[in-house]
Protein chains: 6
Amino acid sequence: MLVSVCRKAHFNAAHRLFNPDFSAADNERIFGKCNNPNYHGHNYTLEVWVKGPVDPQTGFVIDLKILKELIESEIENRFDHKNLNLDTREFKTLIPTAENICVVCWQLLRSKLVPALTLTVRLYETERNVVEYAGD
Amino acid sequence: MLVSVCRKAHFNAAHRLFNPDFSAADNERIFGKCNNPNYHGHNYTLEVWVKGPVDPQTGFVIDLKILKELIESEIENRFDHKNLNLDTREFKTLIPTAENICVVCWQLLRSKLVPALTLTVRLYETERNVVEYAGD
Amino acid sequence: MLVSVCRKAHFNAAHRLFNPDFSAADNERIFGKCNNPNYHGHNYTLEVWVKGPVDPQTGFVIDLKILKELIESEIENRFDHKNLNLDTREFKTLIPTAENICVVCWQLLRSKLVPALTLTVRLYETERNVVEYAGD
Amino acid sequence: MLVSVCRKAHFNAAHRLFNPDFSAADNERIFGKCNNPNYHGHNYTLEVWVKGPVDPQTGFVIDLKILKELIESEIENRFDHKNLNLDTREFKTLIPTAENICVVCWQLLRSKLVPALTLTVRLYETERNVVEYAGD
Amino acid sequence: MLVSVCRKAHFNAAHRLFNPDFSAADNERIFGKCNNPNYHGHNYTLEVWVKGPVDPQTGFVIDLKILKELIESEIENRFDHKNLNLDTREFKTLIPTAENICVVCWQLLRSKLVPALTLTVRLYETERNVVEYAGD
Amino acid sequence: MLVSVCRKAHFNAAHRLFNPDFSAADNERIFGKCNNPNYHGHNYTLEVWVKGPVDPQTGFVIDLKILKELIESEIENRFDHKNLNLDTREFKTLIPTAENICVVCWQLLRSKLVPALTLTVRLYETERNVVEYAGD
């Protein structure tokens with residue numbers, strides 16, 4: 001029996017959407033208000049879904065305390081109360097769109113989970129904008 | 001890398017569930033309070049999920065401003081503050097159940113998206129009743 | 001010790017904002033999309049707050065089962081799955097704005113509560129529009 | 001056309017996570033605060049998703065009133081305001097983790113649905129901990 | 001200038017509503033399902049509102065880290081993952097209704113705040129049942 | 001009859017908590033992670049509550065379209081997708097704590113409303129941190 005379990009987490013960060021290969025006019029046209037040179041920010045909510053067999057001894061797919069600590073060490077400590085463009089190695093050259101942040105979170109967590117577990121990451125940038133990545 | 005992105009939208013509409021081929025007793029038994037001849041209404045919340053590759057130049061699957069405008073022109077302008085049975089072409093003969101509204105929204109949006117993008121539409125009719133259609 | 005207790009309820013209804021004393025142009029200007037002659041609708045959420053002393057024998061301000069039944073008999077049975085303009089006595093001539101619906105709900109509940117209890121009613125018409133009436 | 005429909009339900013229950021085959025130290029290490037001998041509790045929220053063809057006569061995949069009654073008879077009457085470990089047959093020997101509760105809910109509902117309908121059950125134990133089972 | 005600030009917290013607990021001075025029939029009639037001898041439980045959400053002047057040096061009414069730690073030490077450590085009737089001194093003889101839990105939380109926090117700050121505590125027992133106490 | 005009406009709005013902004021009169025150590029001790037020199041950010045949700053008499057001709061306390069436009073012109077255009085410390089006149093020297101942002105929003109809106117209307121502003125900085133100002 002394969003069950004999915006989810007743990008939610010939060011981080012608050014500043015970012016700017018900007019591609020140095022684009023002209024100023026293109027950055028403005030494509031990224032709009034998100035191109036503000038002085039940054040803006042969001043409360044990001046992360047849902048980390050892990051799918052795998054239920055351990056008959058514990059009734060757990062994964063101990064959620066362990067998953068919580070993994071999200072703290074890999075994601076929250078890295079991104080919470082940070083400027084994604086300036087303070088993180090991951091977004092030095094990668095544009096911190098919701099899509100790219102979601103994929104980066106997936107990669108950071110994937111490398112720490114045993115292969116038997118399937119991983120899906122969902123990221124809420126605002127109440128109305130959400131992205132999801134499952135490794136496809 | 002295939003990422004899903006979602007944009008939420010809202011529309012408020014009146015409707016009535018009623019099949020003219022059914023007897024009055026059958027309409028009452030099957031549709032209950034939703035069969036009220038003078039209509040009732042809902043705040044519909046729509047989640048439009050689009051899945052596709054991330055453009056390495058922009059970090060976007062699809063510009064959410066474009067998706068937002070598409071939902072406005074195709075869905076909100078058509079259904080918001082309308083009586084679905086009386087004011088729309090789509091539900092002149094099709095019963096506006098949540099299932100049918102969801103499928104119609106999917107069809108209206110599907111025809112405007114490039115084939116490389118996968119579309120899933122989720123519709124909340126109330127806090128407790130939700131439907132989803134992915135083109136299956 | 002005076003404690004407030006709240007019970008939430010829901011009703012789904014159709015309505016139209018329209019004043020027969022106004023010209024068509026004024027109705028359009030003032031009520032906009034809400035003036036649609038064929039009605040539109042909402043999922044209304046009602047919060048009923050009752051404030052009073054805690055009974056030392058039960059630990060209750062008011063038994064919430066009794067408050068729940070009162071809301072069902074006075075509000076839900078009257079307004080749920082109804083067209084407020086056509087199907088209710090209360091809004092035959094009173095415009096069913098959120099403000100007026102909230103005041104009417106307060107009056108219907110106030111008449112059924114003992115004077116020692118203070119009543120406040122909050123009504124959510126959409127996620128973004130809320131009204132509250134406390135008898136002032 | 002295959003559409004998914006969802007009905008949400010709630011039940012409030014007490015439980016304890018504990019494996020009699022483990023030492024007291026292991027129960028403490030593995031289940032932490034959830035091992036409290038006097039139990040603790042949760043407001044569980046259940047999402048029951050049923051996928052199937054839309055009946056062209058009714059516009060329904062399944063009448064949500066029927067799904068609501070099925071959840072009441074199979075899940076709410078069994079688990080609401082109960083101590084899962086002491087008051088239910090299902091968790092006499094099975095540890096009532098969110099994973100196991102979700103699988104049990106799925107099994108109880110699966111046996112009452114026609115084979116043409118696909119079933120997925122999602123269970124929220126807290127705002128931050130969620131599990132899902134689809135019969136895999 | 002007097003500003004209110006709020007910090008939310010959560011605790012999950014088991015409880016039973018029961019008055020030993022009442023007959024079994026009266027306990028059943030008054031407390032219904034909440035009278036289950038083996039307990040049931042809830043995810044309680046607490047909103048702690050503190051009102052006072054804004055410190056012009058810090059821009060704070062109260063440092064929310066300090067308020068968070070106060071809620072942890074006074075409320076969460078005392079009630080989280082506990083059986084309120086069996087594991088706490090506060091509800092050994094006081095019936096743990098939402099009203100009484102809210103008043104007790106207010107008293108525990110009030111004694112730790114300077115008199116210049118006004119305190120209001122709101123407690124959500126379920127999504128639909130809420131209580132509030134402000135010291136009246 | 002005095003009724004309160006509320007309109008919700010959102011803005012996403014970057015900020016830093018920092019007092020130039022404090023030592024680096026004091027800024028760190030008092031503002032913690034919020035003192036990050038490169039800024040962080042939030043999705044701010046604003047609830048604007050206006051209390052006044054119901055106009056018997058329209059059933060409105062205030063036309064919510066007008067209130068919505070007022071919030072857009074006074075608050076959203078000023079603060080949305082901005083760095084509060086660098087891009088706004090209001091927080092050039094005032095520390096942009098939630099308390100101060102809330103008071104500034106109240107002042108900006110107060111000056112545009114007729115005296116007969118009472119104003120309360122509530123600001124959500126995160127899901128767990130909220131502030132409110134009513135002009136006291």
# chains A, B, ... in the order shown; residues from 1 in each chain; ligands from 1
$ residues_around --residues "Leu67 (chain C)" --least-positions-apart "2" --cutoff "10 Å" --atoms "only C-alpha atoms" --output "list in words"
Val5, Cys6, Arg7, Lys8, Val48, Trp49, Val50, Ile62, Asp63, Leu64, Lys65, Glu69, Leu70, Ile71, Glu72, Ser73, Leu109 and Leu113 of chain C
$ closest_atom_pairs --of "chain C" --to "chain B" --cutoff "10 Å" --atoms "only C-alpha atoms" --output "tab-separated table"
residue	atom	partner	partner_atom	distance
C:His10	CA	B:Thr126	CA	9.5
C:Phe11	CA	B:His42	CA	9.3
C:Asn12	CA	B:Gly41	CA	5.7
C:Ala13	CA	B:His40	CA	4.4
C:Ala14	CA	B:His40	CA	4.2
C:His15	CA	B:His40	CA	7.9
C:Arg16	CA	B:His81	CA	9.5
C:Gly32	CA	B:His81	CA	9.8
C:Lys33	CA	B:His81	CA	6.0
C:Cys34	CA	B:His81	CA	6.5
C:Asn35	CA	B:His81	CA	8.8
C:Asn36	CA	B:Lys82	CA	7.0
C:Pro37	CA	B:Asn83	CA	9.0
C:Asn38	CA	B:Asn83	CA	5.8
C:Tyr39	CA	B:Asn83	CA	5.9
C:His40	CA	B:Ala14	CA	4.2
C:Gly41	CA	B:Gly41	CA	3.6
C:His42	CA	B:His42	CA	4.0
C:Asn43	CA	B:His42	CA	4.8
C:Tyr44	CA	B:His42	CA	8.3
C:Phe79	CA	B:His40	CA	9.5
C:Asp80	CA	B:His40	CA	8.0
C:His81	CA	B:His40	CA	4.9
C:Lys82	CA	B:His40	CA	5.2
C:Asn83	CA	B:His40	CA	5.5
C:Leu84	CA	B:His40	CA	8.5
C:Asn85	CA	B:Asn38	CA	9.4
C:Leu86	CA	B:Asn38	CA	7.1
C:Asp87	CA	B:Asn38	CA	7.4
C:Glu125	CA	B:Asn43	CA	8.5
C:Thr126	CA	B:Asn43	CA	6.8
C:Glu127	CA	B:Asn43	CA	8.8
$ write_last_selection --atoms "N, CA and C atoms" --output "compact mmCIF listing (two decimals), in the first residue's frame"
# COMPACT_ATOMS: atom_id res chain seq x y z
N HIS C 10 -23.90 28.51 6.83
CA HIS C 10 -23.79 28.83 5.41
C HIS C 10 -25.16 28.81 4.77
N PHE C 11 -25.38 29.68 3.80
CA PHE C 11 -26.54 29.52 2.92
C PHE C 11 -26.17 30.04 1.54
N ASN C 12 -26.74 29.40 0.53
CA ASN C 12 -26.44 29.75 -0.86
C ASN C 12 -27.71 30.32 -1.47
N ALA C 13 -27.62 31.53 -2.03
CA ALA C 13 -28.84 32.19 -2.49
C ALA C 13 -28.56 33.03 -3.73
N ALA C 14 -29.63 33.30 -4.48
CA ALA C 14 -29.57 34.23 -5.60
C ALA C 14 -30.12 35.58 -5.16
N HIS C 15 -29.65 36.65 -5.78
CA HIS C 15 -30.23 37.96 -5.47
C HIS C 15 -29.94 38.93 -6.62
N ARG C 16 -30.61 40.09 -6.54
CA ARG C 16 -30.38 41.18 -7.47
C ARG C 16 -30.47 42.48 -6.69
N GLY C 32 -24.18 48.32 -10.73
CA GLY C 32 -23.29 47.66 -11.68
C GLY C 32 -23.75 46.26 -12.05
N LYS C 33 -22.81 45.30 -12.03
CA LYS C 33 -23.11 43.92 -12.40
C LYS C 33 -24.16 43.29 -11.48
N CYS C 34 -24.28 43.83 -10.25
CA CYS C 34 -25.23 43.25 -9.28
C CYS C 34 -26.68 43.55 -9.66
N ASN C 35 -26.86 44.41 -10.69
CA ASN C 35 -28.19 44.79 -11.16
C ASN C 35 -28.71 43.85 -12.25
N ASN C 36 -27.95 42.81 -12.60
CA ASN C 36 -28.38 41.87 -13.63
C ASN C 36 -29.82 41.39 -13.38
N PRO C 37 -30.75 41.64 -14.33
CA PRO C 37 -32.18 41.33 -14.11
C PRO C 37 -32.45 39.85 -13.84
N ASN C 38 -31.57 38.97 -14.34
CA ASN C 38 -31.78 37.53 -14.15
C ASN C 38 -31.11 36.98 -12.90
N TYR C 39 -30.60 37.91 -12.04
CA TYR C 39 -30.01 37.50 -10.76
C TYR C 39 -28.60 36.90 -10.92
N HIS C 40 -27.89 36.91 -9.83
CA HIS C 40 -26.64 36.15 -9.69
C HIS C 40 -26.70 35.59 -8.26
N GLY C 41 -25.60 35.04 -7.75
CA GLY C 41 -25.74 34.43 -6.43
C GLY C 41 -24.43 34.34 -5.67
N HIS C 42 -24.54 33.91 -4.43
CA HIS C 42 -23.39 33.82 -3.54
C HIS C 42 -23.54 32.64 -2.59
N ASN C 43 -22.37 32.18 -2.10
CA ASN C 43 -22.31 31.34 -0.90
C ASN C 43 -22.14 32.29 0.28
N TYR C 44 -23.16 32.52 1.04
CA TYR C 44 -23.06 33.38 2.21
C TYR C 44 -22.58 32.58 3.42
N PHE C 79 -33.53 31.18 3.96
CA PHE C 79 -32.76 31.79 2.87
C PHE C 79 -31.96 30.80 2.01
N ASP C 80 -31.70 29.58 2.53
CA ASP C 80 -30.80 28.68 1.79
C ASP C 80 -31.47 28.15 0.51
N HIS C 81 -30.72 28.22 -0.60
CA HIS C 81 -31.22 27.78 -1.91
C HIS C 81 -32.49 28.54 -2.31
N LYS C 82 -32.53 29.82 -1.95
CA LYS C 82 -33.65 30.67 -2.30
C LYS C 82 -33.18 31.84 -3.19
N ASN C 83 -34.16 32.44 -3.86
CA ASN C 83 -33.94 33.72 -4.51
C ASN C 83 -34.42 34.77 -3.52
N LEU C 84 -33.50 35.55 -2.99
CA LEU C 84 -33.86 36.46 -1.88
C LEU C 84 -34.94 37.44 -2.31
N ASN C 85 -34.86 37.94 -3.54
CA ASN C 85 -35.85 38.91 -4.01
C ASN C 85 -37.23 38.30 -4.21
N LEU C 86 -37.28 37.09 -4.73
CA LEU C 86 -38.57 36.50 -5.12
C LEU C 86 -39.16 35.57 -4.07
N ASP C 87 -38.29 34.86 -3.34
CA ASP C 87 -38.79 33.77 -2.49
C ASP C 87 -38.93 34.14 -1.02
N GLU C 125 -20.10 37.84 2.17
CA GLU C 125 -20.78 37.68 0.88
C GLU C 125 -19.84 37.05 -0.14
N THR C 126 -18.58 37.46 -0.10
CA THR C 126 -17.52 36.80 -0.85
C THR C 126 -16.33 36.73 0.08
N GLU C 127 -15.24 36.18 -0.41
CA GLU C 127 -14.01 36.11 0.37
C GLU C 127 -13.51 37.52 0.74
$ select_by_dssp --residues "chain B" --states "helix (DSSP H, G or I)" --output "ChimeraX atom specification"
/B:24-35,64-79,84-87,98-110
$ select_by_dssp --residues "chain B" --states "strand (DSSP E)" --output "number ranges by chain"
B: 2-15, 40-53, 82-83, 118-124, 129-133
$ closest_residue --among "D:Thr97, D:Ile66, D:Gln57, D:Leu119" --to "Phe22 (chain B)" --atoms "only C-alpha atoms"
D:Gln57
$ atom_distance --atom1 "CA of Lys112 (chain F)" --atom2 "CA of Glu132 (chain C)"
22.0 Å
$ atom_distance --atom1 "CA of Phe31 (chain A)" --atom2 "CA of Leu17 (chain A)"
6.2 Å
$ residues_around --residues "Leu117 (chain B)" --least-positions-apart "2" --cutoff "6 Å" --atoms "only C-alpha atoms" --output "ChimeraX atom specification"
/B:51-52,114-115
$ atom_distance --atom1 "CA of Ile95 (chain B)" --atom2 "CA of Thr58 (chain D)"
7.4 Å
$ residues_around --residues "Cys102 (chain A)" --least-positions-apart "5" --cutoff "9 Å" --atoms "only C-alpha atoms" --output "VMD selection string"
(chain A and resid 46 97 107 121 to 123 131 to 133) or (chain B and resid 3)
$ write_last_selection --atoms "N, CA, C and O atoms" --output "PDB file, in the first residue's frame"
ATOM      1  N   LEU A  46       5.124  26.062   1.373  1.00  0.00           N
ATOM      2  CA  LEU A  46       5.632  24.877   0.685  1.00  0.00           C
ATOM      3  C   LEU A  46       4.876  23.656   1.190  1.00  0.00           C
ATOM      4  O   LEU A  46       4.739  23.464   2.405  1.00  0.00           O
ATOM      5  N   THR A  97      11.776  32.680 -10.237  1.00  0.00           N
ATOM      6  CA  THR A  97      10.335  32.551 -10.449  1.00  0.00           C
ATOM      7  C   THR A  97       9.813  31.438  -9.531  1.00  0.00           C
ATOM      8  O   THR A  97      10.580  30.595  -9.055  1.00  0.00           O
ATOM      9  N   GLN A 107      14.774  19.537  -5.840  1.00  0.00           N
ATOM     10  CA  GLN A 107      16.111  18.943  -5.992  1.00  0.00           C
ATOM     11  C   GLN A 107      16.829  18.847  -4.639  1.00  0.00           C
ATOM     12  O   GLN A 107      17.486  17.849  -4.341  1.00  0.00           O
ATOM     13  N   VAL A 121       6.580  18.511  -4.863  1.00  0.00           N
ATOM     14  CA  VAL A 121       6.667  19.764  -4.109  1.00  0.00           C
ATOM     15  C   VAL A 121       5.688  20.757  -4.715  1.00  0.00           C
ATOM     16  O   VAL A 121       5.666  20.961  -5.932  1.00  0.00           O
ATOM     17  N   ARG A 122       4.862  21.344  -3.855  1.00  0.00           N
ATOM     18  CA  ARG A 122       3.929  22.391  -4.289  1.00  0.00           C
ATOM     19  C   ARG A 122       4.291  23.683  -3.561  1.00  0.00           C
ATOM     20  O   ARG A 122       4.528  23.678  -2.353  1.00  0.00           O
ATOM     21  N   LEU A 123       4.353  24.789  -4.315  1.00  0.00           N
ATOM     22  CA  LEU A 123       4.756  26.069  -3.736  1.00  0.00           C
ATOM     23  C   LEU A 123       3.679  27.118  -4.002  1.00  0.00           C
ATOM     24  O   LEU A 123       3.318  27.353  -5.160  1.00  0.00           O
ATOM     25  N   VAL A 131       2.525  26.649  -7.842  1.00  0.00           N
ATOM     26  CA  VAL A 131       3.232  25.794  -8.810  1.00  0.00           C
ATOM     27  C   VAL A 131       3.508  24.444  -8.159  1.00  0.00           C
ATOM     28  O   VAL A 131       3.525  24.322  -6.935  1.00  0.00           O
ATOM     29  N   GLU A 132       3.732  23.439  -8.980  1.00  0.00           N
ATOM     30  CA  GLU A 132       3.979  22.088  -8.466  1.00  0.00           C
ATOM     31  C   GLU A 132       4.976  21.376  -9.363  1.00  0.00           C
ATOM     32  O   GLU A 132       4.906  21.491 -10.590  1.00  0.00           O
ATOM     33  N   TYR A 133       5.887  20.625  -8.736  1.00  0.00           N
ATOM     34  CA  TYR A 133       6.865  19.864  -9.505  1.00  0.00           C
ATOM     35  C   TYR A 133       6.996  18.469  -8.901  1.00  0.00           C
ATOM     36  O   TYR A 133       7.122  18.323  -7.677  1.00  0.00           O
TER      37      TYR A 133
ATOM     38  N   VAL B   3       6.658  21.459 -15.205  1.00  0.00           N
ATOM     39  CA  VAL B   3       6.143  22.053 -13.972  1.00  0.00           C
ATOM     40  C   VAL B   3       4.688  22.455 -14.201  1.00  0.00           C
ATOM     41  O   VAL B   3       4.314  22.868 -15.301  1.00  0.00           O
TER      42      VAL B   3
END
